[in-house]
Each structure stands twice: as C-alpha cells, then as structure tokens.
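Peer 1: Got a structure for you, entry.json, holding JSON, C-alpha atoms and all ligand atoms.
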[["chain", "number", "residue", "atom", "x", "y", "z"],
["A", 1, "MET", "CA", 13.83, -8.62, -1.28],
["A", 2, "THR", "CA", 11.34, -10.81, -3.16],
["A", 3, "ALA", "CA", 10.22, -9.83, -6.65],
["A", 4, "SER", "CA", 6.61, -9.45, -5.51],
["A", 5, "PRO", "CA", 6.44, -7.11, -2.55],
["A", 6, "ARG", "CA", 3.34, -7.40, -0.40],
["A", 7, "TYR", "CA", 2.24, -3.78, -0.95],
["A", 8, "LYS", "CA", 2.39, -1.56, -4.03],
["A", 9, "ARG", "CA", 2.24, 1.83, -2.34],
["A", 10, "ILE", "CA", 3.21, 2.36, 1.29],
["A", 11, "LEU", "CA", 3.28, 5.18, 3.74],
["A", 12, "LEU", "CA", 6.14, 4.85, 6.20],
["A", 13, "LYS", "CA", 5.88, 6.70, 9.51],
["A", 14, "ILE", "CA", 9.35, 7.59, 10.77],
["A", 15, "SER", "CA", 9.43, 9.08, 14.24],
["A", 16, "GLY", "CA", 11.93, 11.82, 14.96],
["A", 17, "GLU", "CA", 13.54, 9.48, 17.51],
["A", 18, "ALA", "CA", 14.78, 7.27, 14.67],
["A", 19, "LEU", "CA", 16.79, 10.19, 13.26],
["A", 20, "ARG", "CA", 18.70, 10.97, 16.44],
["A", 21, "GLY", "CA", 20.54, 7.63, 16.55],
["A", 22, "ASP", "CA", 22.24, 7.30, 19.93],
["A", 23, "ALA", "CA", 22.44, 11.06, 20.48],
["A", 24, "PRO", "CA", 20.14, 12.58, 23.15],
["A", 25, "TYR", "CA", 18.50, 14.87, 20.58],
["A", 26, "GLY", "CA", 18.94, 16.32, 17.10],
["A", 27, "ILE", "CA", 19.78, 14.76, 13.76],
["A", 28, "ASP", "CA", 22.47, 12.07, 13.49],
["A", 29, "GLY", "CA", 23.89, 11.78, 9.97],
["A", 30, "GLU", "CA", 24.65, 8.07, 10.27],
["A", 31, "ALA", "CA", 21.16, 7.25, 11.50],
["A", 32, "VAL", "CA", 19.59, 9.25, 8.65],
["A", 33, "ASP", "CA", 21.85, 7.54, 6.08],
["A", 34, "ARG", "CA", 20.92, 4.11, 7.39],
["A", 35, "LEU", "CA", 17.19, 4.90, 7.19],
["A", 36, "ALA", "CA", 17.63, 6.31, 3.69],
["A", 37, "GLY", "CA", 19.30, 3.05, 2.66],
["A", 38, "GLU", "CA", 16.36, 1.02, 3.99],
["A", 39, "ILE", "CA", 13.88, 3.22, 2.09],
["A", 40, "ALA", "CA", 15.94, 3.12, -1.12],
["A", 41, "GLU", "CA", 16.06, -0.69, -0.99],
["A", 42, "VAL", "CA", 12.26, -1.08, -0.97],
["A", 43, "GLN", "CA", 11.79, 1.68, -3.56],
["A", 44, "GLU", "CA", 14.18, -0.15, -5.89],
["A", 45, "SER", "CA", 12.00, -3.24, -5.67],
["A", 46, "GLY", "CA", 9.20, -1.27, -7.33],
["A", 47, "VAL", "CA", 7.26, -0.15, -4.25],
["A", 48, "GLU", "CA", 5.93, 3.42, -4.31],
["A", 49, "VAL", "CA", 7.13, 5.00, -1.10],
["A", 50, "CYS", "CA", 5.98, 8.03, 0.78],
["A", 51, "ALA", "CA", 6.79, 8.86, 4.38],
["A", 52, "VAL", "CA", 5.68, 11.11, 7.19],
["A", 53, "VAL", "CA", 8.60, 12.30, 9.27],
["A", 54, "GLY", "CA", 8.12, 13.19, 12.95],
["A", 55, "GLY", "CA", 9.93, 15.81, 14.96],
["A", 56, "GLY", "CA", 10.29, 14.42, 18.48],
["A", 57, "ASN", "CA", 14.11, 14.37, 18.25],
["A", 58, "ILE", "CA", 14.02, 18.17, 18.09],
["A", 59, "PHE", "CA", 10.82, 19.47, 19.67],
["A", 60, "ARG", "CA", 7.47, 18.20, 20.92],
["A", 61, "GLY", "CA", 4.58, 20.50, 21.75],
["A", 62, "SER", "CA", 3.78, 18.47, 24.85],
["A", 63, "SER", "CA", 7.37, 18.27, 26.17],
["A", 64, "ASP", "CA", 9.05, 19.90, 29.16],
["A", 65, "ALA", "CA", 10.88, 22.23, 26.77],
["A", 66, "ALA", "CA", 7.49, 23.70, 25.87],
["A", 67, "ALA", "CA", 6.42, 24.20, 29.50],
["A", 68, "GLY", "CA", 4.72, 27.56, 30.00],
["A", 69, "MET", "CA", 4.26, 28.05, 26.27],
["A", 70, "GLU", "CA", 0.83, 28.26, 24.69],
["A", 71, "ARG", "CA", 0.15, 24.76, 23.31],
["A", 72, "ALA", "CA", -0.63, 25.89, 19.77],
["A", 73, "THR", "CA", 2.63, 27.88, 19.58],
["A", 74, "ALA", "CA", 4.62, 24.92, 20.89],
["A", 75, "ASP", "CA", 2.95, 22.65, 18.36],
["A", 76, "TYR", "CA", 3.91, 24.95, 15.47],
["A", 77, "ILE", "CA", 7.54, 24.72, 16.64],
["A", 78, "GLY", "CA", 7.12, 20.93, 16.64],
["A", 79, "MET", "CA", 5.76, 21.03, 13.09],
["A", 80, "LEU", "CA", 8.74, 23.14, 11.97],
["A", 81, "ALA", "CA", 11.03, 20.50, 13.49],
["A", 82, "THR", "CA", 9.49, 17.88, 11.19],
["A", 83, "VAL", "CA", 10.45, 20.03, 8.18],
["A", 84, "MET", "CA", 14.11, 20.03, 9.28],
["A", 85, "ASN", "CA", 14.05, 16.25, 9.61],
["A", 86, "ALA", "CA", 12.39, 15.78, 6.22],
["A", 87, "VAL", "CA", 14.96, 17.98, 4.48],
["A", 88, "ALA", "CA", 17.79, 16.01, 6.14],
["A", 89, "MET", "CA", 16.19, 12.77, 4.96],
["A", 90, "GLN", "CA", 15.71, 14.14, 1.44],
["A", 91, "HIS", "CA", 19.41, 14.98, 1.31],
["A", 92, "ALA", "CA", 20.39, 11.46, 2.36],
["A", 93, "LEU", "CA", 18.04, 9.89, -0.22],
["A", 94, "GLU", "CA", 19.29, 12.12, -3.00],
["A", 95, "ARG", "CA", 22.87, 11.16, -2.18],
["A", 96, "LEU", "CA", 21.75, 7.61, -2.94],
["A", 97, "GLY", "CA", 20.46, 8.86, -6.30],
["A", 98, "LYS", "CA", 16.79, 8.78, -5.32],
["A", 99, "ALA", "CA", 14.57, 11.56, -6.65],
["A", 100, "THR", "CA", 12.84, 12.83, -3.51],
["A", 101, "ARG", "CA", 10.36, 15.60, -2.85],
["A", 102, "VAL", "CA", 9.42, 17.18, 0.46],
["A", 103, "LEU", "CA", 5.81, 18.35, 0.62],
["A", 104, "SER", "CA", 5.05, 20.43, 3.67],
["A", 105, "ALA", "CA", 1.69, 21.17, 5.25],
["A", 106, "LEU", "CA", 3.30, 24.46, 6.37],
["A", 107, "PRO", "CA", 4.41, 26.19, 3.17],
["A", 108, "ILE", "CA", 8.11, 27.20, 3.28],
["A", 109, "ALA", "CA", 8.66, 28.08, -0.37],
["A", 110, "PRO", "CA", 12.48, 28.23, -0.64],
["A", 111, "VAL", "CA", 12.91, 24.94, 1.22],
["A", 112, "CYS", "CA", 10.26, 22.54, -0.04],
["A", 113, "GLU", "CA", 7.00, 22.25, -1.97],
["A", 114, "PRO", "CA", 3.68, 23.02, -0.31],
["A", 115, "TYR", "CA", 1.48, 20.00, 0.32],
["A", 116, "ILE", "CA", -0.88, 19.51, -2.62],
["A", 117, "ARG", "CA", -2.57, 16.11, -2.73],
["A", 118, "ARG", "CA", -2.53, 15.70, -6.50],
["A", 119, "ARG", "CA", 1.09, 16.73, -6.68],
["A", 120, "GLY", "CA", 1.99, 14.10, -4.12],
["A", 121, "GLN", "CA", 0.17, 11.46, -6.12],
["A", 122, "ARG", "CA", 1.93, 12.55, -9.30],
["A", 123, "HIS", "CA", 5.36, 12.34, -7.68],
["A", 124, "LEU", "CA", 4.58, 8.82, -6.52],
["A", 125, "GLU", "CA", 3.39, 7.77, -9.98],
["A", 126, "LYS", "CA", 6.68, 9.03, -11.37],
["A", 127, "GLY", "CA", 8.59, 6.85, -8.92],
["A", 128, "ARG", "CA", 9.80, 9.66, -6.68],
["A", 129, "ILE", "CA", 10.01, 9.24, -2.94],
["A", 130, "VAL", "CA", 7.69, 11.71, -1.22],
["A", 131, "LEU", "CA", 8.34, 12.99, 2.29],
["A", 132, "PHE", "CA", 5.44, 14.68, 4.02],
["A", 133, "ALA", "CA", 6.52, 17.35, 6.48],
["A", 134, "GLY", "CA", 4.72, 19.76, 8.77],
["A", 135, "GLY", "CA", 2.40, 17.08, 10.19],
["A", 136, "THR", "CA", -1.23, 17.86, 9.45],
["A", 137, "GLY", "CA", -0.43, 21.58, 9.52],
["A", 138, "ASN", "CA", -2.64, 21.93, 12.60],
["A", 139, "PRO", "CA", -1.74, 22.17, 16.27],
["A", 140, "PHE", "CA", -3.16, 19.62, 18.74],
["A", 141, "PHE", "CA", -2.37, 16.78, 16.33],
["A", 142, "THR", "CA", 0.57, 14.41, 15.99],
["A", 143, "THR", "CA", 2.54, 13.07, 13.07],
["A", 144, "ASP", "CA", 0.90, 9.66, 13.66],
["A", 145, "THR", "CA", -2.41, 11.23, 12.69],
["A", 146, "ALA", "CA", -0.70, 12.98, 9.77],
["A", 147, "ALA", "CA", 0.57, 9.54, 8.67],
["A", 148, "ALA", "CA", -2.93, 8.03, 8.65],
["A", 149, "LEU", "CA", -4.30, 11.11, 6.87],
["A", 150, "ARG", "CA", -1.66, 11.11, 4.13],
["A", 151, "ALA", "CA", -1.91, 7.32, 3.71],
["A", 152, "ALA", "CA", -5.63, 7.76, 3.02],
["A", 153, "GLU", "CA", -5.10, 10.72, 0.70],
["A", 154, "MET", "CA", -2.40, 8.93, -1.30],
["A", 155, "GLY", "CA", -4.41, 5.71, -1.53],
["A", 156, "CYS", "CA", -1.68, 3.69, 0.19],
["A", 157, "ASP", "CA", -2.11, -0.07, 0.66],
["A", 158, "ALA", "CA", -0.58, 0.05, 4.12],
["A", 159, "LEU", "CA", 0.76, 2.34, 6.81],
["A", 160, "LEU", "CA", 4.08, 1.05, 8.14],
["A", 161, "LYS", "CA", 4.92, 2.36, 11.58],
["A", 162, "GLY", "CA", 8.58, 1.91, 12.42],
["A", 163, "THR", "CA", 9.20, 1.81, 16.17],
["A", 164, "LYS", "CA", 11.93, 0.86, 18.63],
["A", 165, "VAL", "CA", 10.46, -2.62, 19.08],
["A", 166, "ASP", "CA", 9.32, -5.20, 16.55],
["A", 167, "GLY", "CA", 5.57, -4.99, 17.11],
["A", 168, "ILE", "CA", 2.95, -4.48, 19.78],
["A", 169, "TYR", "CA", 3.45, -6.33, 23.04],
["A", 170, "ALA", "CA", 1.09, -7.07, 25.91],
["A", 171, "ALA", "CA", 3.66, -5.34, 28.17],
["A", 172, "ASP", "CA", 6.81, -3.30, 27.48],
["A", 173, "PRO", "CA", 9.36, -5.96, 26.35],
["A", 174, "GLU", "CA", 12.22, -3.74, 27.52],
["A", 175, "ILE", "CA", 10.81, -3.99, 31.07],
["A", 176, "VAL", "CA", 8.90, -7.28, 31.18],
["A", 177, "ALA", "CA", 11.05, -10.19, 29.96],
["A", 178, "GLY", "CA", 9.08, -12.69, 27.86],
["A", 179, "ALA", "CA", 6.19, -10.26, 27.20],
["A", 180, "GLU", "CA", 3.86, -11.58, 24.47],
["A", 181, "ARG", "CA", 3.98, -9.98, 21.01],
["A", 182, "PHE", "CA", 0.68, -9.83, 19.13],
["A", 183, "GLU", "CA", 0.78, -11.13, 15.54],
["A", 184, "ARG", "CA", -2.48, -9.49, 14.57],
["A", 185, "LEU", "CA", -4.90, -7.11, 16.27],
["A", 186, "SER", "CA", -8.09, -5.37, 15.23],
["A", 187, "TYR", "CA", -8.28, -1.57, 15.27],
["A", 188, "LEU", "CA", -10.88, -1.82, 18.04],
["A", 189, "GLU", "CA", -8.67, -4.09, 20.17],
["A", 190, "VAL", "CA", -5.84, -1.55, 19.97],
["A", 191, "LEU", "CA", -8.22, 1.23, 20.99],
["A", 192, "SER", "CA", -10.05, -0.65, 23.73],
["A", 193, "LYS", "CA", -6.88, -2.13, 25.26],
["A", 194, "ASP", "CA", -5.20, 1.29, 24.95],
["A", 195, "LEU", "CA", -2.12, -0.41, 23.47],
["A", 196, "LYS", "CA", -0.42, 2.85, 22.53],
["A", 197, "ALA", "CA", 0.89, 1.68, 19.16],
["A", 198, "MET", "CA", -0.25, 4.94, 17.58],
["A", 199, "ASP", "CA", -2.55, 7.63, 18.88],
["A", 200, "ALA", "CA", -6.27, 6.96, 18.86],
["A", 201, "SER", "CA", -7.13, 9.44, 16.11],
["A", 202, "ALA", "CA", -4.59, 7.78, 13.78],
["A", 203, "ILE", "CA", -6.02, 4.31, 14.49],
["A", 204, "SER", "CA", -9.59, 5.57, 13.92],
["A", 205, "LEU", "CA", -8.66, 7.23, 10.64],
["A", 206, "ALA", "CA", -6.90, 4.08, 9.39],
["A", 207, "ARG", "CA", -9.91, 2.01, 10.45],
["A", 208, "GLU", "CA", -12.40, 4.25, 8.62],
["A", 209, "ASN", "CA", -10.30, 4.01, 5.45],
["A", 210, "ASP", "CA", -9.50, 0.30, 5.82],
["A", 211, "ILE", "CA", -5.74, 0.82, 5.77],
["A", 212, "PRO", "CA", -3.77, -1.89, 7.60],
["A", 213, "ILE", "CA", -1.10, -0.66, 10.01],
["A", 214, "VAL", "CA", 2.09, -2.71, 10.29],
["A", 215, "VAL", "CA", 4.12, -2.03, 13.43],
["A", 216, "PHE", "CA", 7.74, -3.17, 13.03],
["A", 217, "SER", "CA", 11.26, -2.37, 14.24],
["A", 218, "ILE", "CA", 12.91, 0.42, 12.28],
["A", 219, "ARG", "CA", 16.11, -0.19, 14.28],
["A", 220, "LYS", "CA", 16.66, -3.65, 12.85],
["A", 221, "LYS", "CA", 18.70, -3.70, 9.64],
["A", 222, "GLY", "CA", 16.53, -4.86, 6.75],
["A", 223, "GLY", "CA", 13.39, -4.51, 8.89],
["A", 224, "LEU", "CA", 11.49, -2.46, 6.33],
["A", 225, "ALA", "CA", 12.32, -4.81, 3.43],
["A", 226, "ALA", "CA", 11.28, -7.77, 5.59],
["A", 227, "VAL", "CA", 7.82, -6.24, 6.06],
["A", 228, "LEU", "CA", 7.44, -5.90, 2.29],
["A", 229, "ASP", "CA", 8.52, -9.52, 1.92],
["A", 230, "GLY", "CA", 5.84, -10.53, 4.41],
["A", 231, "ASN", "CA", 8.46, -11.75, 6.88],
["A", 232, "GLY", "CA", 8.10, -10.75, 10.49],
["A", 233, "PRO", "CA", 8.49, -10.00, 13.19],
["A", 234, "PHE", "CA", 5.76, -7.39, 13.17],
["A", 235, "THR", "CA", 2.19, -6.79, 14.32],
["A", 236, "ILE", "CA", -0.58, -6.10, 11.83],
["A", 237, "ILE", "CA", -3.56, -4.00, 12.87],
["A", 238, "SER", "CA", -6.47, -4.46, 10.46],
["B", 1, "LIG", "N1", 2.61, 18.51, 15.54],
["B", 1, "LIG", "C1", 1.42, 19.22, 15.44],
["B", 1, "LIG", "N2", 0.51, 18.86, 14.49],
["B", 1, "LIG", "C2", 0.69, 17.82, 13.65],
["B", 1, "LIG", "C3", 1.89, 17.07, 13.77],
["B", 1, "LIG", "C4", 2.83, 17.44, 14.71],
["B", 1, "LIG", "O1", 1.20, 20.16, 16.18],
["B", 1, "LIG", "O2", -0.17, 17.54, 12.80],
["B", 1, "LIG", "C5", 3.65, 18.96, 16.49],
["B", 1, "LIG", "C6", 3.43, 18.49, 17.91],
["B", 1, "LIG", "O3", 3.87, 19.48, 18.80],
["B", 1, "LIG", "C7", 4.36, 17.28, 18.01],
["B", 1, "LIG", "C8", 5.53, 17.74, 17.16],
["B", 1, "LIG", "O4", 4.92, 18.46, 16.08],
["B", 1, "LIG", "O5", 4.74, 17.02, 19.33],
["B", 1, "LIG", "C9", 6.41, 16.64, 16.59],
["B", 1, "LIG", "O6", 5.60, 15.61, 16.07],
["B", 1, "LIG", "P1", 5.50, 14.18, 16.80],
["B", 1, "LIG", "O7", 5.58, 14.34, 18.28],
["B", 1, "LIG", "O8", 4.30, 13.48, 16.26],
["B", 1, "LIG", "O9", 6.83, 13.50, 16.26],
["B", 1, "LIG", "P2", 7.42, 12.04, 16.53],
["B", 1, "LIG", "O10", 6.96, 11.57, 17.88],
["B", 1, "LIG", "O11", 6.88, 11.15, 15.46],
["B", 1, "LIG", "O12", 8.89, 12.20, 16.41]]
Could you write out this structure as structure tokens?
Peer 2:
Amino acid sequence: MTASPRYKRILLKISGEALRGDAPYGIDGEAVDRLAGEIAEVQESGVEVCAVVGGGNIFRGSSDAAAGMERATADYIGMLATVMNAVAMQHALERLGKATRVLSALPIAPVCEPYIRRRGQRHLEKGRIVLFAGGTGNPFFTTDTAAALRAAEMGCDALLKGTKVDGIYAADPEIVAGAERFERLSYLEVLSKDLKAMDASAISLARENDIPIVVFSIRKKGGLAAVLDGNGPFTIIS
C-alpha cells in the first residue's frame, strides 16, 4: 500500500455472503481469515477502520426460510445473525493481533459492547478496529442502511461496499459478457436507474451526508488496499 491512503477513516460494508466462502451458508473460517487479513493490511497503513457486518449467510428476514413468519420477528433473527458474524470476524482480527471491538445495536452484554456513538469514535481514535453488529437495531431495514448510518455517525470519509463484482455494471457481468462498468456515478443516477448497488435508503443517507460510496470486489485479493491506494477497478458514487 502507498504511504498516503486516499481516506483517513473508512466504513467497510461486508455482506454476510463474503463470510460463507464457497459454502452454501454459514461461516467459513478461511474466508473470515482472508477478510481479516485484508482489513488488517489497511489498518496497518494508518487508516481508521470500522465495518458493518451483514447476516445474509445465516438468515435474511425476507428469505424463504422466514416464510410465514412475522416480518419484524424474522428481521430480529437476521440482526442476531449479524452479531454472530461480527464476533467471528473479531476473533480472526484478534488472532492477527488487532485490537477489535464489536458494538451491537442489539445489546448482548456478555458477548459484545452495546452501540454507543461516542464509544465507537473513541475506539477508532485509539486505533482499534470497530465492528458494528445488529444492523440499525430496527426491523424493516438492511445492513446497507446501517452502513450508511454508522458511516455518518462516525464521520467516515468514505463507505466502501465490498461485493462479488468489481463495481457497478450496466448489466450483470456474470450474465452479459462485455457489460460496461461505470467509473463514477451520482447518487441520483444510481437511484433513478435502479442500479441496485445498495438499497435506496442507504444511497439517500450517504447523499444527504455527502459520503462517497466505493463499490469494489471483496473477493479479489488486495482489493481493499487497492481502493485505499486509489487503484481500481471500482465504481465511485458521489
Ligand atoms: N436486519 C434488520 N435491520 C437492520 C439490519 C438487518 O432487520 O437494520 C435484518 C434483515 O432481516 C436482514 C438481515 O438482518 O435481512 C441480515 O442483514 P442483510 O440482509 O442486510 O445482510 P447482508 O445482505 O449484508 O449479508
């Protein structure tokens, strides 16, 4: 990595999918270790790192597994799934010697700290990695929205959304060969073209708070460090 990373404080959104590796569901130790390594690398370059961890590898409120269940109940199960993922990620980061705190919007005292904005800021100032769990703490939301919310609360310079592909494309590149990747998009273009990079409430929140969103591939080795170096490929929404 270069000596002058592009952003000083970042919020990384890690979807639950990234933690399952090649398994159909659940937490894959190797995948978590690899992600922890990527995070540790950028933290060592002096970047303050916090992350929102999703839960889709375990449970989604809108999934088939939740069919017949009251939506709010299903969503609380989804939020609990994000806590499991965050604790697994904390373990992997601590094995790399990185002081890491999990702050959960759903208080689970023996497992992690409750989310307190000033405490999160303090941890970041002290150079700790902060993992935000429990989403927003409210049903009917997603961890994308939690990511935009926490990025605003922590005063982050950018929200980095790690996905399966290296940016936003005009069509699904896994289906349409040669689909065009956008270098840069405005928040309104993403919303009006319904580009599905993140959900609309997350995009709106980032727009209101002037936080750029960088969509990049979390699967590619060194992908996160490359974003901090300003090297693509990625798509910037600003
Ligand atoms: N969830 C919620 N409120 C939030 C964040 C998450 O109810 O603020 C629930 C919701 O059911 C969601 C699940 O937690 O489906 C897991 O989060 P998400 O689907 O965003 O995870 P990801 O897709 O990033 O793995």
Peer 1: If you measure from CA of Ala36 (chain A) to CA of Gln90 (chain A), what distance in Å do you get, rounded to one decimal?
Peer 2: 8.4 Å
Peer 1: Which residue, A:Gly37, A:Pro24, A:Gly222, A:Gly54, has the smallest gap to Gly97 (chain A) when you use all atoms listed in the file?
Peer 2: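 Nearest candidate to Gly97 (chain A) out of A:Gly37, A:Pro24, A:Gly222, A:Gly54: A:Gly37.
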Peer 1: Pick out the residues sitting within 7 Å of Asn85 (chain A), and hand them over as number ranges by chain; count only C-alpha atoms, and ignore anything fewer than 3 positions along from it in its own chain.
Peer 2: A: 53, 55, 81-82, 88-89
Peer 1: Smallest atom-to-atom distance to Leu185 (chain A): which of A:Ala23, A:Ile218, A:Ile213, A:Val49, using all atoms listed in the file?
Peer 2: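 Closest candidate: A:Ile213.
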Peer 1: Show which residues sit within 8 Å of region 1-7 of chain A, as a PyMOL selection string. Count all atoms listed in the file, and ignore same-chain residues fewer than 4 positions away.
Peer 2: chain A and resi 42+45+47+157-158+225-230
Peer 1: Could you give me, as JSON lines, a per-residue list for chain A showing, wherever an atom lies at most 6 Å from an atom of ligand LIG 1 (chain B), the closest pair of atoms and their distance in Å to one decimal, using all atoms listed in the file and sorting by chain then residue number from low to high?
Peer 2:
{"residue": "A:Ser15", "atom": "CA", "partner": "B:LIG1", "partner_atom": "O11", "distance": 3.5}
{"residue": "A:Gly16", "atom": "CA", "partner": "B:LIG1", "partner_atom": "O12", "distance": 3.4}
{"residue": "A:Glu17", "atom": "CA", "partner": "B:LIG1", "partner_atom": "O12", "distance": 5.5}
{"residue": "A:Gly54", "atom": "CA", "partner": "B:LIG1", "partner_atom": "O11", "distance": 3.5}
{"residue": "A:Gly55", "atom": "CA", "partner": "B:LIG1", "partner_atom": "C9", "distance": 4.0}
{"residue": "A:Gly56", "atom": "CA", "partner": "B:LIG1", "partner_atom": "O12", "distance": 3.3}
{"residue": "A:Asn57", "atom": "CA", "partner": "B:LIG1", "partner_atom": "O12", "distance": 5.9}
{"residue": "A:Arg60", "atom": "CA", "partner": "B:LIG1", "partner_atom": "O5", "distance": 3.4}
{"residue": "A:Gly61", "atom": "CA", "partner": "B:LIG1", "partner_atom": "O3", "distance": 3.2}
{"residue": "A:Ser62", "atom": "CA", "partner": "B:LIG1", "partner_atom": "O5", "distance": 5.8}
{"residue": "A:Ala74", "atom": "CA", "partner": "B:LIG1", "partner_atom": "O3", "distance": 5.9}
{"residue": "A:Asp75", "atom": "CA", "partner": "B:LIG1", "partner_atom": "O3", "distance": 3.3}
{"residue": "A:Tyr76", "atom": "CA", "partner": "B:LIG1", "partner_atom": "O1", "distance": 5.5}
{"residue": "A:Gly78", "atom": "CA", "partner": "B:LIG1", "partner_atom": "O4", "distance": 3.4}
{"residue": "A:Met79", "atom": "CA", "partner": "B:LIG1", "partner_atom": "O4", "distance": 4.0}
{"residue": "A:Gly135", "atom": "CA", "partner": "B:LIG1", "partner_atom": "C3", "distance": 3.6}
{"residue": "A:Thr136", "atom": "CA", "partner": "B:LIG1", "partner_atom": "O2", "distance": 3.5}
{"residue": "A:Gly137", "atom": "CA", "partner": "B:LIG1", "partner_atom": "O2", "distance": 5.2}
{"residue": "A:Asn138", "atom": "CA", "partner": "B:LIG1", "partner_atom": "N2", "distance": 4.8}
{"residue": "A:Pro139", "atom": "CA", "partner": "B:LIG1", "partner_atom": "O1", "distance": 3.6}
{"residue": "A:Phe140", "atom": "CA", "partner": "B:LIG1", "partner_atom": "O1", "distance": 5.1}
{"residue": "A:Phe141", "atom": "CA", "partner": "B:LIG1", "partner_atom": "N2", "distance": 4.0}
{"residue": "A:Thr142", "atom": "CA", "partner": "B:LIG1", "partner_atom": "C3", "distance": 3.7}
{"residue": "A:Thr143", "atom": "CA", "partner": "B:LIG1", "partner_atom": "O8", "distance": 3.7}
{"residue": "A:Asp144", "atom": "CA", "partner": "B:LIG1", "partner_atom": "O8", "distance": 5.7}
{"residue": "A:Ala146", "atom": "CA", "partner": "B:LIG1", "partner_atom": "O2", "distance": 5.5}
Peer 1: Counting only C-alpha atoms, what is within 12 Å of Cys112 (chain A), bar same-chain residues fewer than 5 positions away, as a PDB file with C-alpha atoms, in the coordinates of the input?
Peer 2:
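Everything below was put into selection.pdb:
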ATOM      1  CA  VAL A  83      10.450  20.030   8.180  1.00  0.00           C
ATOM      2  CA  MET A  84      14.110  20.030   9.280  1.00  0.00           C
ATOM      3  CA  ALA A  86      12.390  15.780   6.220  1.00  0.00           C
ATOM      4  CA  VAL A  87      14.960  17.980   4.480  1.00  0.00           C
ATOM      5  CA  ALA A  88      17.790  16.010   6.140  1.00  0.00           C
ATOM      6  CA  GLN A  90      15.710  14.140   1.440  1.00  0.00           C
ATOM      7  CA  HIS A  91      19.410  14.980   1.310  1.00  0.00           C
ATOM      8  CA  THR A 100      12.840  12.830  -3.510  1.00  0.00           C
ATOM      9  CA  ARG A 101      10.360  15.600  -2.850  1.00  0.00           C
ATOM     10  CA  VAL A 102       9.420  17.180   0.460  1.00  0.00           C
ATOM     11  CA  LEU A 103       5.810  18.350   0.620  1.00  0.00           C
ATOM     12  CA  SER A 104       5.050  20.430   3.670  1.00  0.00           C
ATOM     13  CA  ALA A 105       1.690  21.170   5.250  1.00  0.00           C
ATOM     14  CA  LEU A 106       3.300  24.460   6.370  1.00  0.00           C
ATOM     15  CA  PRO A 107       4.410  26.190   3.170  1.00  0.00           C
ATOM     16  CA  VAL A 130       7.690  11.710  -1.220  1.00  0.00           C
ATOM     17  CA  LEU A 131       8.340  12.990   2.290  1.00  0.00           C
ATOM     18  CA  PHE A 132       5.440  14.680   4.020  1.00  0.00           C
ATOM     19  CA  ALA A 133       6.520  17.350   6.480  1.00  0.00           C
ATOM     20  CA  GLY A 134       4.720  19.760   8.770  1.00  0.00           C
TER      21      GLY A 134
END
Peer 1: Export region 175-192 of chain A from the structure block above, keeping N, CA and C atoms, as an mmCIF file, in the first residue's frame.
Peer 2:
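As written to disk, result.cif reads:
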data_model
loop_
_atom_site.group_PDB
_atom_site.id
_atom_site.type_symbol
_atom_site.label_atom_id
_atom_site.label_comp_id
_atom_site.auth_asym_id
_atom_site.auth_seq_id
_atom_site.Cartn_x
_atom_site.Cartn_y
_atom_site.Cartn_z
ATOM 1 N N ILE A 175 -23.682 -12.461 -16.369
ATOM 2 C CA ILE A 175 -24.653 -12.949 -17.369
ATOM 3 C C ILE A 175 -24.364 -12.340 -18.743
ATOM 4 N N VAL A 176 -24.145 -11.024 -18.763
ATOM 5 C CA VAL A 176 -23.914 -10.327 -20.039
ATOM 6 C C VAL A 176 -22.414 -10.089 -20.233
ATOM 7 N N ALA A 177 -21.800 -10.843 -21.143
ATOM 8 C CA ALA A 177 -20.356 -10.681 -21.392
ATOM 9 C C ALA A 177 -20.104 -9.291 -21.978
ATOM 10 N N GLY A 178 -19.059 -8.628 -21.503
ATOM 11 C CA GLY A 178 -18.696 -7.309 -22.024
ATOM 12 C C GLY A 178 -19.562 -6.178 -21.494
ATOM 13 N N ALA A 179 -20.351 -6.432 -20.443
ATOM 14 C CA ALA A 179 -21.186 -5.372 -19.863
ATOM 15 C C ALA A 179 -20.296 -4.225 -19.375
ATOM 16 N N GLU A 180 -20.785 -2.988 -19.553
ATOM 17 C CA GLU A 180 -19.979 -1.805 -19.210
ATOM 18 C C GLU A 180 -19.956 -1.562 -17.704
ATOM 19 N N ARG A 181 -18.736 -1.284 -17.172
ATOM 20 C CA ARG A 181 -18.620 -0.918 -15.755
ATOM 21 C C ARG A 181 -18.539 0.600 -15.651
ATOM 22 N N PHE A 182 -19.319 1.176 -14.762
ATOM 23 C CA PHE A 182 -19.284 2.626 -14.558
ATOM 24 C C PHE A 182 -18.088 2.978 -13.676
ATOM 25 N N GLU A 183 -17.351 4.031 -14.075
ATOM 26 C CA GLU A 183 -16.235 4.512 -13.244
ATOM 27 C C GLU A 183 -16.782 5.356 -12.107
ATOM 28 N N ARG A 184 -17.758 6.191 -12.448
ATOM 29 C CA ARG A 184 -18.293 7.156 -11.494
ATOM 30 C C ARG A 184 -19.780 7.353 -11.766
ATOM 31 N N LEU A 185 -20.557 7.460 -10.730
ATOM 32 C CA LEU A 185 -21.999 7.698 -10.862
ATOM 33 C C LEU A 185 -22.418 8.690 -9.794
ATOM 34 N N SER A 186 -23.489 9.431 -10.052
ATOM 35 C CA SER A 186 -24.024 10.280 -8.988
ATOM 36 C C SER A 186 -25.022 9.454 -8.177
ATOM 37 N N TYR A 187 -25.284 9.910 -6.953
ATOM 38 C CA TYR A 187 -26.272 9.202 -6.111
ATOM 39 C C TYR A 187 -27.608 9.107 -6.876
ATOM 40 N N LEU A 188 -27.973 10.235 -7.515
ATOM 41 C CA LEU A 188 -29.278 10.269 -8.187
ATOM 42 C C LEU A 188 -29.334 9.322 -9.383
ATOM 43 N N GLU A 189 -28.195 9.171 -10.089
ATOM 44 C CA GLU A 189 -28.175 8.215 -11.204
ATOM 45 C C GLU A 189 -28.419 6.799 -10.699
ATOM 46 N N VAL A 190 -27.777 6.464 -9.570
ATOM 47 C CA VAL A 190 -27.946 5.105 -9.024
ATOM 48 C C VAL A 190 -29.410 4.886 -8.658
ATOM 49 N N LEU A 191 -30.020 5.914 -8.054
ATOM 50 C CA LEU A 191 -31.423 5.781 -7.641
ATOM 51 C C LEU A 191 -32.344 5.734 -8.853
ATOM 52 N N SER A 192 -32.140 6.662 -9.797
ATOM 53 C CA SER A 192 -33.085 6.739 -10.915
ATOM 54 C C SER A 192 -32.936 5.551 -11.860
#
